Amino acid sequence: MADRTVVQRVKNQRDARLLEGWQEVRVWVPSEKDAEDIRNIAADRRAKAEALDGLSKEVPNVSSQTEARIAQAIAEHGSAAYNTPSGAVLDLMTELAGEDDLQGFSRAVVILARAKPANAKFVLARVPAKISNFVIQHRGIAASDLMKWADANPQWPEDLKRSVRDPEQFERIVEAMAESIKVFAKSH
């Protein structure tokens, strides 16, 4: 939903950045030249974050191939080739799920959220649908069984969105979800 006021938009952007570990710094400086220097440093640091500078160290075990793919998807952020600014990242998430790389999927979400915090909420909201498609296509789950299980387990989307920030835990949660659906389908 669009923010109703500029104040609300700024608050939401600030909250998103804080959630992703960004730090807010306010300083008083004695001259306009000093202020311009600080603005330039801040712009440089934001550009480095968007270029994933050091982020792969914060998200361990990112292969160089996956890191390059994530970097490319983030570089395409806002591309007219997609109908949403995060389209390239959403496509990458689909590709990684299709390759059965759940940890890579998770790492892509974490790195995107850190590099583009304003888009994190949008991307996180798409995780349950992408994982639903994954378990249907790659774990042999019937769509009807998933729907029945989902009705009986209404917390599952939030469980996935919470766990996606920890790649190993995320993979365990998804695999446990697939097994739970299979057991549920047999008993109902």
# chains A, B, ... in the order shown; residues from 1 in each chain; ligands from 1
>>> residues_around(residues="Lys148 (chain A)", least_positions_apart="3", cutoff="9 Å", atoms="only C-alpha atoms", output="number ranges by chain")
A: 143-145, 151-153, 181, 184-185
>>> write_last_selection(atoms="N, CA and C atoms", output="compact mmCIF listing (two decimals), in the first residue's frame")
# COMPACT_ATOMS: atom_id res chain seq x y z
N ALA A 143 -1.10 -29.52 -5.41
CA ALA A 143 -1.58 -28.17 -5.06
C ALA A 143 -2.76 -28.25 -4.09
N SER A 144 -3.65 -29.19 -4.30
CA SER A 144 -4.81 -29.33 -3.41
C SER A 144 -4.38 -29.72 -1.99
N ASP A 145 -3.36 -30.57 -1.88
CA ASP A 145 -2.85 -30.94 -0.55
C ASP A 145 -2.21 -29.74 0.13
N ASP A 151 -4.60 -24.22 5.00
CA ASP A 151 -5.78 -23.84 5.78
C ASP A 151 -5.65 -24.29 7.23
N ALA A 152 -5.04 -25.46 7.44
CA ALA A 152 -4.87 -26.00 8.80
C ALA A 152 -3.65 -25.39 9.51
N ASN A 153 -2.77 -24.71 8.77
CA ASN A 153 -1.54 -24.13 9.32
C ASN A 153 -1.40 -22.67 8.88
N ILE A 181 3.28 -31.54 4.91
CA ILE A 181 2.18 -31.57 3.94
C ILE A 181 1.92 -33.00 3.50
N PHE A 184 0.19 -34.80 6.34
CA PHE A 184 -1.15 -34.27 6.45
C PHE A 184 -2.05 -34.85 5.35
N ALA A 185 -1.53 -34.91 4.13
CA ALA A 185 -2.31 -35.42 3.01
C ALA A 185 -2.70 -36.88 3.20
>>> residues_around(residues="Ser163 (chain A)", least_positions_apart="3", cutoff="12 Å", atoms="only C-alpha atoms", output="mmCIF file with N, CA and C atoms, in the first residue's frame")
data_model
loop_
_atom_site.group_PDB
_atom_site.id
_atom_site.type_symbol
_atom_site.label_atom_id
_atom_site.label_comp_id
_atom_site.auth_asym_id
_atom_site.auth_seq_id
_atom_site.Cartn_x
_atom_site.Cartn_y
_atom_site.Cartn_z
ATOM 1 N N LEU A 102 17.829 -23.828 -2.011
ATOM 2 C CA LEU A 102 17.064 -23.063 -1.033
ATOM 3 C C LEU A 102 17.955 -22.113 -0.237
ATOM 4 N N GLN A 103 19.181 -22.532 0.050
ATOM 5 C CA GLN A 103 20.079 -21.643 0.777
ATOM 6 C C GLN A 103 20.485 -20.455 -0.099
ATOM 7 N N PHE A 105 18.616 -19.190 -2.425
ATOM 8 C CA PHE A 105 17.375 -18.416 -2.431
ATOM 9 C C PHE A 105 17.353 -17.496 -1.209
ATOM 10 N N SER A 106 17.612 -18.087 -0.042
ATOM 11 C CA SER A 106 17.615 -17.329 1.205
ATOM 12 C C SER A 106 18.675 -16.238 1.183
ATOM 13 N N ARG A 107 19.864 -16.584 0.730
ATOM 14 C CA ARG A 107 20.948 -15.600 0.690
ATOM 15 C C ARG A 107 20.620 -14.446 -0.254
ATOM 16 N N VAL A 109 17.675 -13.253 -0.831
ATOM 17 C CA VAL A 109 16.722 -12.398 -0.121
ATOM 18 C C VAL A 109 17.456 -11.534 0.908
ATOM 19 N N VAL A 110 18.349 -12.149 1.671
ATOM 20 C CA VAL A 110 19.078 -11.413 2.714
ATOM 21 C C VAL A 110 19.918 -10.292 2.109
ATOM 22 N N LEU A 124 10.044 -9.996 0.552
ATOM 23 C CA LEU A 124 9.685 -10.977 1.591
ATOM 24 C C LEU A 124 8.245 -11.459 1.429
ATOM 25 N N VAL A 127 7.947 -14.556 -0.808
ATOM 26 C CA VAL A 127 8.585 -15.816 -0.430
ATOM 27 C C VAL A 127 7.574 -16.966 -0.324
ATOM 28 N N PRO A 128 6.447 -16.826 0.391
ATOM 29 C CA PRO A 128 5.519 -17.955 0.495
ATOM 30 C C PRO A 128 5.028 -18.481 -0.860
ATOM 31 N N TRP A 156 2.030 -20.518 8.450
ATOM 32 C CA TRP A 156 3.152 -20.934 7.607
ATOM 33 C C TRP A 156 3.785 -19.796 6.797
ATOM 34 N N PRO A 157 3.031 -18.841 6.243
ATOM 35 C CA PRO A 157 3.707 -17.779 5.491
ATOM 36 C C PRO A 157 4.649 -16.953 6.382
ATOM 37 N N GLU A 158 4.203 -16.655 7.598
ATOM 38 C CA GLU A 158 5.049 -15.879 8.512
ATOM 39 C C GLU A 158 6.263 -16.695 8.954
ATOM 40 N N ASP A 159 6.079 -18.005 9.155
ATOM 41 C CA ASP A 159 7.214 -18.867 9.506
ATOM 42 C C ASP A 159 8.284 -18.817 8.412
ATOM 43 N N LEU A 160 7.858 -18.887 7.164
ATOM 44 C CA LEU A 160 8.814 -18.820 6.048
ATOM 45 C C LEU A 160 9.506 -17.464 5.987
ATOM 46 N N ASP A 166 17.855 -16.755 7.659
ATOM 47 C CA ASP A 166 18.873 -17.718 8.113
ATOM 48 C C ASP A 166 18.869 -18.872 7.106
ATOM 49 N N PRO A 167 19.809 -18.880 6.153
ATOM 50 C CA PRO A 167 19.766 -19.849 5.055
ATOM 51 C C PRO A 167 19.633 -21.322 5.479
ATOM 52 N N GLU A 168 20.373 -21.751 6.483
ATOM 53 C CA GLU A 168 20.290 -23.154 6.903
ATOM 54 C C GLU A 168 18.949 -23.454 7.555
ATOM 55 N N GLN A 169 18.491 -22.556 8.415
ATOM 56 C CA GLN A 169 17.196 -22.739 9.048
ATOM 57 C C GLN A 169 16.080 -22.717 7.996
ATOM 58 N N PHE A 170 16.188 -21.812 7.037
ATOM 59 C CA PHE A 170 15.184 -21.709 5.984
ATOM 60 C C PHE A 170 15.054 -23.031 5.231
ATOM 61 N N GLU A 171 16.180 -23.611 4.853
ATOM 62 C CA GLU A 171 16.140 -24.896 4.147
ATOM 63 C C GLU A 171 15.464 -25.962 5.012
ATOM 64 N N ARG A 172 15.788 -26.009 6.295
ATOM 65 C CA ARG A 172 15.156 -26.993 7.197
ATOM 66 C C ARG A 172 13.650 -26.754 7.294
ATOM 67 N N ILE A 173 13.246 -25.494 7.407
ATOM 68 C CA ILE A 173 11.816 -25.155 7.524
ATOM 69 C C ILE A 173 11.064 -25.584 6.263
ATOM 70 N N VAL A 174 11.634 -25.305 5.106
ATOM 71 C CA VAL A 174 10.971 -25.677 3.846
ATOM 72 C C VAL A 174 10.858 -27.197 3.734
#
>>> atom_distance(atom1="CA of Ile141 (chain A)", atom2="CA of Ala88 (chain A)")
26.9 Å
>>> residues_around(residues="Pro117 (chain A)", least_positions_apart="6", cutoff="7 Å", atoms="only C-alpha atoms", output="PDB file with N, CA, C and O atoms, in the first residue's frame")
ATOM      1  N   ALA A  16      12.639   0.558   7.451  1.00  0.00           N
ATOM      2  CA  ALA A  16      13.161  -0.523   6.612  1.00  0.00           C
ATOM      3  C   ALA A  16      14.681  -0.573   6.673  1.00  0.00           C
ATOM      4  O   ALA A  16      15.280  -1.647   6.775  1.00  0.00           O
ATOM      5  N   ARG A  17      15.304   0.571   6.622  1.00  0.00           N
ATOM      6  CA  ARG A  17      16.779   0.613   6.698  1.00  0.00           C
ATOM      7  C   ARG A  17      17.274   0.127   8.054  1.00  0.00           C
ATOM      8  O   ARG A  17      18.226  -0.641   8.141  1.00  0.00           O
ATOM      9  N   GLU A  20      17.221  -3.585   8.414  1.00  0.00           N
ATOM     10  CA  GLU A  20      18.269  -4.268   7.658  1.00  0.00           C
ATOM     11  C   GLU A  20      19.677  -3.955   8.161  1.00  0.00           C
ATOM     12  O   GLU A  20      20.658  -4.314   7.539  1.00  0.00           O
TER      13      GLU A  20
END
>>> atom_distance(atom1="CA of Asp3 (chain A)", atom2="CA of Ser86 (chain A)")
18.5 Å
>>> atom_distance(atom1="CA of Gln155 (chain A)", atom2="CA of Arg14 (chain A)")
27.4 Å
